[in-house]
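Text of work_16.tsv (TSV, C-alpha atoms) as supplied:
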```tsv
chain	number	residue	atom	x	y	z
M	1	MET	CA	-25.22	12.21	-8.01
M	2	SER	CA	-28.49	12.23	-9.99
M	3	THR	CA	-30.88	9.28	-10.18
M	4	ALA	CA	-29.90	8.73	-13.82
M	5	GLU	CA	-26.18	8.62	-12.90
M	6	MET	CA	-26.90	6.16	-10.09
M	7	CYS	CA	-28.81	3.90	-12.47
M	8	LEU	CA	-26.00	4.08	-15.03
M	9	PHE	CA	-23.43	3.24	-12.33
M	10	ASN	CA	-25.48	0.21	-11.29
M	11	VAL	CA	-25.80	-0.99	-14.88
M	12	LYS	CA	-22.03	-0.82	-15.50
M	13	ASP	CA	-20.44	-1.40	-12.09
M	14	GLY	CA	-23.20	-2.32	-9.63
M	15	PHE	CA	-22.49	-6.04	-9.78
M	16	LEU	CA	-18.80	-5.68	-8.94
M	17	GLU	CA	-19.54	-3.14	-6.22
M	18	GLY	CA	-21.81	-5.77	-4.67
M	19	VAL	CA	-19.08	-8.39	-5.04
M	20	VAL	CA	-16.43	-6.26	-3.31
M	21	ARG	CA	-18.83	-5.40	-0.49
M	22	GLY	CA	-19.32	-9.14	-0.07
M	23	TYR	CA	-15.54	-9.60	0.08
M	24	LYS	CA	-15.38	-6.94	2.77
M	25	LEU	CA	-17.88	-8.85	4.92
M	26	GLY	CA	-15.37	-11.71	5.03
M	27	LEU	CA	-12.69	-9.66	6.77
M	28	LEU	CA	-11.65	-10.88	10.22
M	29	THR	CA	-13.40	-9.28	13.20
M	30	ALA	CA	-12.12	-8.35	16.66
M	31	ALA	CA	-13.45	-11.70	17.92
M	32	ASP	CA	-11.43	-13.51	15.23
M	33	TYR	CA	-8.24	-11.71	16.30
M	34	ASN	CA	-8.96	-12.53	19.93
M	35	ASN	CA	-9.31	-16.23	19.06
M	36	LEU	CA	-6.17	-16.19	16.90
M	37	SER	CA	-4.29	-14.65	19.83
M	38	GLN	CA	-5.11	-17.74	21.91
M	39	CYS	CA	-3.46	-20.11	19.42
M	40	GLU	CA	-0.47	-22.03	20.75
M	41	ASN	CA	1.26	-22.76	17.43
M	42	LEU	CA	1.01	-22.16	13.68
M	43	GLU	CA	-1.05	-25.33	13.19
M	44	ASP	CA	-3.69	-23.83	15.51
M	45	ILE	CA	-3.70	-20.63	13.45
M	46	LYS	CA	-4.10	-22.63	10.25
M	47	LEU	CA	-6.96	-24.61	11.79
M	48	TYR	CA	-8.75	-21.42	12.83
M	49	LEU	CA	-8.31	-19.86	9.38
M	50	THR	CA	-10.04	-22.88	7.81
M	51	GLY	CA	-13.24	-21.45	9.30
M	52	THR	CA	-12.79	-18.12	7.50
M	53	ASP	CA	-12.63	-16.91	3.88
M	54	TYR	CA	-9.08	-18.26	3.77
M	55	ALA	CA	-10.28	-21.89	4.13
M	56	GLN	CA	-9.57	-23.08	0.57
M	57	TYR	CA	-6.13	-21.47	0.63
M	58	VAL	CA	-4.77	-22.88	3.89
M	59	SER	CA	-6.57	-26.20	4.35
M	60	ASN	CA	-4.30	-28.21	2.05
M	61	GLU	CA	-0.99	-26.80	3.29
M	62	ALA	CA	1.16	-29.58	4.71
M	63	GLY	CA	3.44	-29.07	7.70
M	64	PRO	CA	5.79	-27.99	9.02
M	65	LEU	CA	4.24	-24.54	8.69
M	66	HIS	CA	6.12	-21.25	8.57
M	67	THR	CA	4.83	-17.71	8.90
M	68	THR	CA	5.72	-17.04	5.27
M	69	THR	CA	3.57	-20.00	4.20
M	70	LEU	CA	0.49	-18.60	5.94
M	71	VAL	CA	1.14	-15.12	4.52
M	72	GLU	CA	1.49	-16.50	0.98
M	73	CYS	CA	-1.79	-18.42	1.34
M	74	CYS	CA	-3.64	-15.33	2.56
M	75	THR	CA	-2.11	-13.22	-0.20
M	76	ARG	CA	-3.39	-15.68	-2.83
M	77	LYS	CA	-6.92	-14.97	-1.56
M	78	LEU	CA	-6.47	-11.22	-2.21
M	79	VAL	CA	-4.87	-11.85	-5.62
M	80	ASP	CA	-7.70	-14.15	-6.71
M	81	ASP	CA	-10.31	-11.62	-5.55
M	82	TRP	CA	-8.55	-8.83	-7.43
M	83	GLU	CA	-8.15	-10.85	-10.62
M	84	TYR	CA	-11.87	-11.68	-10.59
M	85	LEU	CA	-12.75	-8.01	-10.22
M	86	ARG	CA	-10.31	-6.96	-12.96
M	87	GLN	CA	-11.46	-9.62	-15.43
M	88	ASN	CA	-15.09	-8.59	-15.08
M	89	ALA	CA	-14.60	-4.82	-14.99
M	90	SER	CA	-15.65	-2.56	-17.82
M	91	GLU	CA	-14.09	0.84	-18.42
M	92	PRO	CA	-13.29	3.12	-16.67
M	93	LEU	CA	-13.36	0.77	-13.65
M	94	GLY	CA	-10.74	-1.50	-15.27
M	95	THR	CA	-8.29	1.38	-15.57
M	96	PHE	CA	-9.00	2.40	-11.97
M	97	LEU	CA	-8.26	-1.14	-10.74
M	98	ASP	CA	-4.99	-1.15	-12.71
M	99	TYR	CA	-3.97	2.13	-11.05
M	100	CYS	CA	-4.55	0.56	-7.64
M	101	THR	CA	-1.75	-1.95	-8.38
M	102	PHE	CA	0.86	0.47	-9.79
M	103	GLY	CA	2.28	1.05	-6.31
M	104	HIS	CA	2.97	-2.67	-5.99
M	105	MET	CA	4.78	-2.58	-9.34
M	106	ILE	CA	7.03	0.21	-8.05
M	107	ASP	CA	7.82	-1.77	-4.88
M	108	ASN	CA	8.66	-4.86	-6.95
M	109	ILE	CA	11.01	-2.88	-9.19
M	110	VAL	CA	12.86	-1.50	-6.16
M	111	LEU	CA	13.00	-4.98	-4.58
M	112	ILE	CA	14.55	-6.55	-7.70
M	113	VAL	CA	17.04	-3.72	-8.29
M	114	THR	CA	18.12	-3.59	-4.63
M	115	GLY	CA	18.48	-7.38	-4.47
M	116	THR	CA	20.54	-7.42	-7.66
M	117	LEU	CA	22.78	-4.72	-6.17
M	118	HIS	CA	23.49	-7.12	-3.29
M	119	GLU	CA	24.02	-10.07	-5.72
M	120	ARG	CA	20.93	-11.95	-4.58
M	121	ASP	CA	19.50	-14.76	-6.70
M	122	VAL	CA	16.96	-13.38	-9.20
M	123	GLN	CA	14.50	-16.27	-8.73
M	124	GLU	CA	14.59	-15.77	-4.97
M	125	LEU	CA	13.77	-12.09	-5.50
M	126	LEU	CA	10.94	-12.89	-7.90
M	127	ASP	CA	9.42	-15.20	-5.29
M	128	LYS	CA	9.34	-12.28	-2.86
M	129	CYS	CA	7.60	-9.92	-5.29
M	130	ASN	CA	4.02	-8.88	-4.60
M	131	PRO	CA	1.85	-10.84	-7.07
M	132	LEU	CA	-0.37	-7.80	-7.61
M	133	GLY	CA	2.59	-5.90	-9.05
M	134	VAL	CA	4.13	-8.54	-11.32
M	135	PHE	CA	4.54	-7.73	-15.03
M	136	ASP	CA	5.97	-9.65	-17.98
M	137	ALA	CA	9.47	-8.16	-18.13
M	138	ILE	CA	10.13	-8.07	-14.39
M	139	ALA	CA	12.80	-10.80	-14.47
M	140	THR	CA	14.94	-8.74	-16.86
M	141	LEU	CA	15.27	-5.92	-14.30
M	142	ALA	CA	18.41	-7.63	-13.04
M	143	VAL	CA	20.37	-6.67	-16.18
M	144	ALA	CA	20.02	-2.91	-15.63
M	145	GLN	CA	23.21	-1.17	-14.53
M	146	ASN	CA	21.89	2.38	-14.37
M	147	MET	CA	18.65	4.35	-14.52
M	148	ARG	CA	18.71	4.75	-18.29
M	149	ASP	CA	19.14	1.01	-18.87
M	150	LEU	CA	16.35	0.33	-16.41
M	151	TYR	CA	14.01	2.44	-18.48
M	152	ARG	CA	15.21	1.49	-21.97
M	153	LEU	CA	15.39	-2.28	-21.41
M	154	VAL	CA	12.45	-2.89	-19.10
M	155	LEU	CA	10.13	-0.12	-18.03
M	156	VAL	CA	9.41	1.45	-21.40
M	157	ASP	CA	6.74	-1.20	-22.05
M	158	THR	CA	5.05	-0.95	-18.64
M	159	PRO	CA	2.38	1.48	-17.38
M	160	LEU	CA	5.10	3.14	-15.27
M	161	ALA	CA	6.96	4.43	-18.33
M	162	PRO	CA	5.45	7.96	-18.26
M	163	TYR	CA	6.44	8.40	-14.61
M	164	PHE	CA	9.97	7.22	-15.22
M	165	SER	CA	10.73	9.11	-18.42
M	166	GLU	CA	9.90	12.46	-16.81
M	167	HIS	CA	12.64	12.00	-14.22
M	168	LEU	CA	15.16	9.92	-16.17
M	169	THR	CA	18.84	10.32	-15.34
M	170	SER	CA	21.85	8.20	-16.19
M	171	GLU	CA	23.04	7.84	-12.58
M	172	ASP	CA	24.38	4.49	-11.47
M	173	LEU	CA	22.08	2.43	-9.30
M	174	ASP	CA	23.19	2.62	-5.65
M	175	GLU	CA	21.30	2.56	-2.35
M	176	MET	CA	20.50	6.29	-2.24
M	177	ASN	CA	19.52	6.55	-5.91
M	178	ILE	CA	17.19	3.54	-5.60
M	179	GLU	CA	15.29	5.13	-2.71
M	180	VAL	CA	15.08	8.39	-4.64
M	181	LEU	CA	13.83	6.38	-7.63
M	182	ARG	CA	11.13	4.73	-5.48
M	183	ASN	CA	9.88	8.05	-4.09
M	184	THR	CA	10.11	9.84	-7.43
M	185	LEU	CA	8.00	7.16	-9.10
M	186	TYR	CA	5.52	7.20	-6.22
M	187	LYS	CA	5.15	10.96	-6.45
M	188	ALA	CA	4.40	10.82	-10.20
M	189	TYR	CA	2.07	7.85	-9.62
M	190	LEU	CA	0.06	9.52	-6.85
M	191	ASP	CA	-0.24	12.77	-8.83
M	192	ASP	CA	-1.47	10.79	-11.85
M	193	PHE	CA	-3.88	8.66	-9.79
M	194	ALA	CA	-5.36	11.78	-8.20
M	195	GLY	CA	-5.79	13.24	-11.69
M	196	LEU	CA	-7.63	10.10	-12.85
M	197	CYS	CA	-10.00	10.27	-9.87
M	198	GLY	CA	-10.61	13.94	-10.61
M	199	ARG	CA	-11.59	13.09	-14.18
M	200	LEU	CA	-13.94	10.35	-12.93
M	201	GLY	CA	-15.67	12.97	-10.79
M	202	GLY	CA	-18.63	12.49	-8.47
M	203	ALA	CA	-18.39	10.46	-5.28
M	204	THR	CA	-15.26	8.67	-6.58
M	205	HIS	CA	-13.42	12.01	-6.76
M	206	GLN	CA	-14.51	12.95	-3.26
M	207	VAL	CA	-13.79	9.60	-1.56
M	208	MET	CA	-10.54	8.85	-3.39
M	209	GLY	CA	-9.41	12.45	-3.01
M	210	ASP	CA	-9.43	11.99	0.78
M	211	LEU	CA	-7.74	8.58	0.66
M	212	LEU	CA	-5.00	9.66	-1.74
M	213	ALA	CA	-4.41	12.91	0.15
M	214	PHE	CA	-3.75	10.87	3.28
M	215	GLU	CA	-1.39	8.57	1.35
M	216	ALA	CA	0.47	11.57	-0.13
M	217	ASP	CA	0.86	13.15	3.33
M	218	ARG	CA	2.00	9.87	4.88
M	219	ARG	CA	4.66	9.47	2.20
M	220	ALA	CA	5.82	13.07	2.76
M	221	LEU	CA	6.11	12.30	6.47
M	222	ASN	CA	8.06	9.07	5.87
M	223	ILE	CA	10.38	10.70	3.33
M	224	THR	CA	11.21	13.40	5.88
M	225	LEU	CA	11.79	10.92	8.72
M	226	ASN	CA	13.97	8.63	6.59
M	227	SER	CA	16.05	11.45	5.12
M	228	ILE	CA	17.19	12.92	8.46
M	229	GLY	CA	20.96	12.56	8.63
M	230	THR	CA	21.34	11.62	4.95
M	231	GLU	CA	22.74	13.44	1.93
M	232	LEU	CA	19.22	14.45	0.84
M	233	THR	CA	18.88	18.25	0.86
M	234	ARG	CA	15.76	20.22	1.69
M	235	ASP	CA	15.15	20.90	-1.99
M	236	ASP	CA	15.54	17.19	-2.74
M	237	ARG	CA	12.85	16.44	-0.16
M	238	ARG	CA	10.45	18.97	-1.68
M	239	ARG	CA	10.88	17.42	-5.11
M	240	LEU	CA	9.81	14.02	-3.72
M	241	TYR	CA	6.58	15.29	-2.12
M	242	ALA	CA	3.33	14.86	-4.09
M	243	ASN	CA	1.68	17.97	-5.53
M	244	PHE	CA	-1.49	17.60	-3.44
M	245	GLY	CA	-2.64	16.57	0.03
M	246	LEU	CA	-3.66	18.35	3.22
M	247	LEU	CA	-0.03	19.35	3.80
M	248	TYR	CA	0.38	20.84	0.32
M	249	PRO	CA	2.07	23.31	0.03
M	250	ASN	CA	2.70	25.04	3.39
M	251	GLY	CA	2.93	21.91	5.52
M	252	GLN	CA	5.31	20.33	3.02
M	253	ASN	CA	7.55	23.42	3.16
M	254	GLU	CA	7.77	23.07	6.94
M	255	LEU	CA	8.47	19.35	6.70
M	256	ALA	CA	11.30	20.01	4.25
M	257	LEU	CA	12.98	22.22	6.87
M	258	ALA	CA	12.51	19.78	9.78
M	259	GLU	CA	15.68	18.26	11.25
M	260	ASP	CA	14.31	15.96	13.99
M	261	PHE	CA	11.13	14.16	15.05
M	262	ASP	CA	9.89	16.98	17.27
M	263	GLN	CA	10.10	19.48	14.40
M	264	ILE	CA	8.30	17.02	12.12
M	265	ARG	CA	5.61	16.56	14.75
M	266	ALA	CA	5.19	20.34	15.12
M	267	ALA	CA	4.74	20.71	11.36
M	268	MET	CA	2.19	17.87	11.18
M	269	GLU	CA	0.15	19.07	14.18
M	270	LYS	CA	-0.61	22.37	12.45
M	271	CYS	CA	-2.99	20.33	10.25
M	272	PRO	CA	-6.06	19.54	12.46
M	273	PRO	CA	-6.68	15.92	11.23
M	274	TYR	CA	-3.06	15.04	11.96
M	275	GLN	CA	-3.06	16.80	15.32
M	276	ALA	CA	-5.56	14.17	16.52
M	277	ILE	CA	-3.32	11.37	15.20
M	278	PHE	CA	-0.15	12.68	16.85
M	279	SER	CA	-1.99	13.26	20.14
M	280	LYS	CA	-1.99	9.44	20.50
M	281	LEU	CA	1.82	9.47	20.66
M	282	GLY	CA	3.90	10.32	23.68
M	283	ALA	CA	6.88	12.68	23.52
M	284	GLY	CA	9.41	11.38	21.01
M	285	GLU	CA	7.42	8.17	20.49
M	286	SER	CA	8.21	7.82	16.80
M	287	VAL	CA	8.36	3.99	16.99
M	288	MET	CA	4.55	3.83	17.34
M	289	LEU	CA	3.95	6.17	14.41
M	290	ASP	CA	3.55	3.45	11.75
M	291	LYS	CA	0.86	1.66	13.75
M	292	VAL	CA	-1.06	4.88	14.41
M	293	LEU	CA	-0.99	5.74	10.69
M	294	TYR	CA	-2.13	2.23	9.73
M	295	GLU	CA	-5.03	2.59	12.19
M	296	GLU	CA	-6.02	5.89	10.60
M	297	GLU	CA	-5.82	4.40	7.11
M	298	ALA	CA	-8.00	1.45	8.16
M	299	LYS	CA	-10.58	3.78	9.71
M	300	ARG	CA	-10.77	5.89	6.56
M	301	ALA	CA	-10.99	2.81	4.35
M	302	MET	CA	-13.90	1.40	6.39
M	303	GLN	CA	-15.73	4.73	6.10
M	304	THR	CA	-15.74	4.52	2.30
M	305	PHE	CA	-18.23	1.62	2.52
M	306	GLU	CA	-20.79	3.96	4.09
M	307	GLN	CA	-21.36	5.56	0.67
M	308	GLN	CA	-22.46	3.97	-2.58
M	309	PHE	CA	-21.91	4.51	-6.30
M	310	HIS	CA	-18.16	5.10	-6.22
M	311	TYR	CA	-14.91	3.23	-6.95
M	312	GLY	CA	-13.28	3.98	-3.60
M	313	VAL	CA	-14.60	0.71	-2.14
M	314	PHE	CA	-12.31	-1.28	-4.46
M	315	TYR	CA	-9.19	0.62	-3.35
M	316	SER	CA	-10.29	0.38	0.29
M	317	TYR	CA	-10.90	-3.35	0.10
M	318	MET	CA	-7.36	-3.91	-1.17
M	319	ARG	CA	-5.92	-1.79	1.63
M	320	LEU	CA	-8.02	-3.48	4.33
M	321	ARG	CA	-7.16	-6.99	3.13
M	322	GLU	CA	-3.46	-6.08	3.01
M	323	GLN	CA	-3.69	-4.80	6.58
M	324	GLU	CA	-5.42	-7.99	7.62
M	325	ILE	CA	-2.57	-10.03	6.12
M	326	ARG	CA	-0.06	-7.90	8.06
M	327	ASN	CA	-2.07	-8.62	11.23
M	328	ILE	CA	-2.02	-12.37	10.57
M	329	MET	CA	1.73	-12.23	9.90
M	330	TRP	CA	2.33	-10.37	13.19
M	331	ILE	CA	0.24	-12.87	15.19
M	332	ALA	CA	1.96	-15.83	13.52
M	333	GLU	CA	5.43	-14.39	14.23
M	334	CYS	CA	4.57	-13.72	17.87
M	335	VAL	CA	3.19	-17.24	18.31
M	336	ALA	CA	6.16	-18.87	16.54
M	337	GLN	CA	8.68	-16.94	18.66
M	338	GLY	CA	6.86	-17.45	21.95
M	339	GLN	CA	6.06	-13.74	22.29
M	340	LYS	CA	2.28	-13.93	22.63
M	341	GLY	CA	2.33	-11.09	25.14
M	342	ARG	CA	3.26	-8.70	22.31
M	343	ILE	CA	0.44	-9.65	19.95
M	344	ASN	CA	-1.74	-6.64	20.79
M	345	ASP	CA	1.20	-4.26	20.21
M	346	GLY	CA	1.09	-4.88	16.45
M	347	ILE	CA	-2.51	-5.64	15.52
M	348	VAL	CA	-4.45	-2.92	13.71
M	349	PRO	CA	-8.18	-3.64	14.23
M	350	LEU	CA	-10.37	-3.15	11.16
M	351	PHE	CA	-13.76	-3.08	12.89
```
With the file now loaded, output its structure as structure tokens.
Amino acid sequence: MSTAEMCLFNVKDGFLEGVVRGYKLGLLTAADYNNLSQCENLEDIKLYLTGTDYAQYVSNEAGPLHTTTLVECCTRKLVDDWEYLRQNASEPLGTFLDYCTFGHMIDNIVLIVTGTLHERDVQELLDKCNPLGVFDAIATLAVAQNMRDLYRLVLVDTPLAPYFSEHLTSEDLDEMNIEVLRNTLYKAYLDDFAGLCGRLGGATHQVMGDLLAFEADRRALNITLNSIGTELTRDDRRRLYANFGLLYPNGQNELALAEDFDQIRAAMEKCPPYQAIFSKLGAGESVMLDKVLYEEEAKRAMQTFEQQFHYGVFYSYMRLREQEIRNIMWIAECVAQGQKGRINDGIVPLF
């Protein structure tokens, strides 16, 4: 990046880059997690969090406390941070920040549709939605009976409309179709997000290219694992994989043919970065896979802060804060259930 481009970046986006780097400094450290692990109950956890960036969000919560209460308080911190960034962003940063939340919108849509399928109360489902992915017409999702209604009545006015219309069918909404819907939308979303980062160019293209490639490969891995023993054919799997990533296209072809965890592992280990990740797992140890992938994501997200003049720090901050909230939830659940000995099994350290 030339000196002129750096100066232009600082004029337009330098302030918010400084703000998000300040947010990152407020993430919990290994010492914080060690102290939280010593807490005897949820009140102790709340008291400790009042000495962190979460202070204003947890200090006024009355008892009795529940894990969900603490998680909601911590999530409000992330939402407030993100809204401040979005309200002060000029273009194209504003569009980039919007793209970062499209995945949450997809998850909310699937949550509402699945809950409606099981005749759950709509308000209860709305309360469980991720605030970063809420949009105006989300409550009306419950009226959709099939894919076409879902698009025509609700999604046509959302940013997800282009992803949905490309793959629109009139199938009824059942468990299998909803999961296919989720992964189809995610594929179109990731392909589009990667295209946006390519158009932005420079360090943003390089940094986000690596982060999104990892996300695309992780989704391909999870799709393959979750489709073993289901009606999903090999061709169906291929259609759900993103059109980029370190596994694209040869690794994806091997994944599509895999029929058990060992075959999946063999396909992944042919890609050197993933060989190192899978070397941390014992034979057939698929239960630890999620944690190992979260650790790799956190490591990559932290590395983005070593460079300047790019938008990747905004995406990485969101991911790191979300991981931190998962860590707090795990600790709180272990403490509440008297399983403190398992705390270290689920924590993903960020530093």
Exercise. Point out the residue among M:Met6, M:Leu155, M:Leu200, M:Leu320 with the least atom-to-atom distance to Leu25 in chain M, counting only C-alpha atoms.
Key: M:Leu320
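The protein and nucleic acid residues lying at most 8 Å from Tyr317 in chain M are Val20, Tyr23, Lys24, Ala301, Val313, Phe314, Tyr315, Arg319, Leu320 and Arg321 of chain M, with all atoms listed in the file considered and sequence neighbours fewer than 2 positions away removed.
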Could you write those residues out with C-alpha atoms, as a compact mmCIF listing (two decimals), in the frame of the given file?
```txt
# COMPACT_ATOMS: atom_id res chain seq x y z
CA VAL M 20 -16.43 -6.26 -3.31
CA TYR M 23 -15.54 -9.60 0.08
CA LYS M 24 -15.38 -6.94 2.77
CA ALA M 301 -10.99 2.81 4.35
CA VAL M 313 -14.60 0.71 -2.14
CA PHE M 314 -12.31 -1.28 -4.46
CA TYR M 315 -9.19 0.62 -3.35
CA ARG M 319 -5.92 -1.79 1.63
CA LEU M 320 -8.02 -3.48 4.33
CA ARG M 321 -7.16 -6.99 3.13
```
Quiz prompt | For Leu132 in chain M, the nearest of the candidates M:Leu350, M:Ala267, M:Met318, M:Leu153, counting only C-alpha atoms | solution = M:Met318
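Of note, CA of Gln38 in chain M and CA of Met288 in chain M are spaced 24.1 Å apart.
The protein and nucleic acid residues lying at most 10 Å from Leu150 in chain M are Ile109, Val113, Thr140, Leu141, Ala142, Val143, Ala144, Gln145, Asn146, Met147, Arg148, Arg152, Leu153, Val154, Leu155, Val156, Phe164, Leu168, Ser170 and Leu173 of chain M, with all atoms listed in the file considered and sequence neighbours fewer than 2 positions away removed.
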Please write the residues from the selection above to a file, keeping C-alpha atoms, as a PDB file, in the coordinates of the input.
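Output (again.pdb):
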```
ATOM      1  CA  ILE M 109      11.010  -2.880  -9.190  1.00  0.00           C
ATOM      2  CA  VAL M 113      17.040  -3.720  -8.290  1.00  0.00           C
ATOM      3  CA  THR M 140      14.940  -8.740 -16.860  1.00  0.00           C
ATOM      4  CA  LEU M 141      15.270  -5.920 -14.300  1.00  0.00           C
ATOM      5  CA  ALA M 142      18.410  -7.630 -13.040  1.00  0.00           C
ATOM      6  CA  VAL M 143      20.370  -6.670 -16.180  1.00  0.00           C
ATOM      7  CA  ALA M 144      20.020  -2.910 -15.630  1.00  0.00           C
ATOM      8  CA  GLN M 145      23.210  -1.170 -14.530  1.00  0.00           C
ATOM      9  CA  ASN M 146      21.890   2.380 -14.370  1.00  0.00           C
ATOM     10  CA  MET M 147      18.650   4.350 -14.520  1.00  0.00           C
ATOM     11  CA  ARG M 148      18.710   4.750 -18.290  1.00  0.00           C
ATOM     12  CA  ARG M 152      15.210   1.490 -21.970  1.00  0.00           C
ATOM     13  CA  LEU M 153      15.390  -2.280 -21.410  1.00  0.00           C
ATOM     14  CA  VAL M 154      12.450  -2.890 -19.100  1.00  0.00           C
ATOM     15  CA  LEU M 155      10.130  -0.120 -18.030  1.00  0.00           C
ATOM     16  CA  VAL M 156       9.410   1.450 -21.400  1.00  0.00           C
ATOM     17  CA  PHE M 164       9.970   7.220 -15.220  1.00  0.00           C
ATOM     18  CA  LEU M 168      15.160   9.920 -16.170  1.00  0.00           C
ATOM     19  CA  SER M 170      21.850   8.200 -16.190  1.00  0.00           C
ATOM     20  CA  LEU M 173      22.080   2.430  -9.300  1.00  0.00           C
TER      21      LEU M 173
END
```
Practice problem: Quote the spacing between CA of Ser316 in chain M and CA of Glu297 in chain M in Å to one decimal place. | Solution: 9.1 Å
Quiz item: Can you tell me, as a list in words, what residues are no more than 12 Å from Lys128 in chain M when counting all atoms listed in the file, ignoring any on the same chain fewer than 5 positions away?
Solution: Thr68, Thr69, Val71, Glu72, Thr75, His104, Asp107, Asn108, Ile109, Val110, Leu111, Ile112, Gly115, Arg120, Asp121, Val122, Gln123, Gly133 and Val134 of chain M
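Relative to CA of Tyr241 in chain M, CA of Ala220 in chain M is found at 5.4 Å.
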Exercise. Could you check which of M:Ala266, M:Ala139, M:Leu126, M:Cys100 is closest to Tyr189 in chain M, using all atoms listed in the file?
Key: M:Cys100
Quiz item: Quick one: residues within 12 Å of Glu179 in chain M, only C-alpha atoms counted, chain neighbours fewer than 3 positions away excluded, as an MDAnalysis selection string?
Solution: chainID M and resid 106:107 109:111 113:114 173:176 182:186 222:223 226:227 230 232 237 240
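Among the candidate residues M:Val348, M:Ile328, M:Val335, M:Met268, the one lying nearest to Gly251 in chain M is M:Met268, with distances computed using all atoms listed in the file.
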Practice problem: Please identify all polymer residues within 10 Å of Tyr274 in chain M, counting all atoms listed in the file, omitting same-chain residues fewer than 4 positions from it, and present them as a ChimeraX atom specification. | Solution: /M:214,217,246-247,265,267-270,278-279,293,296
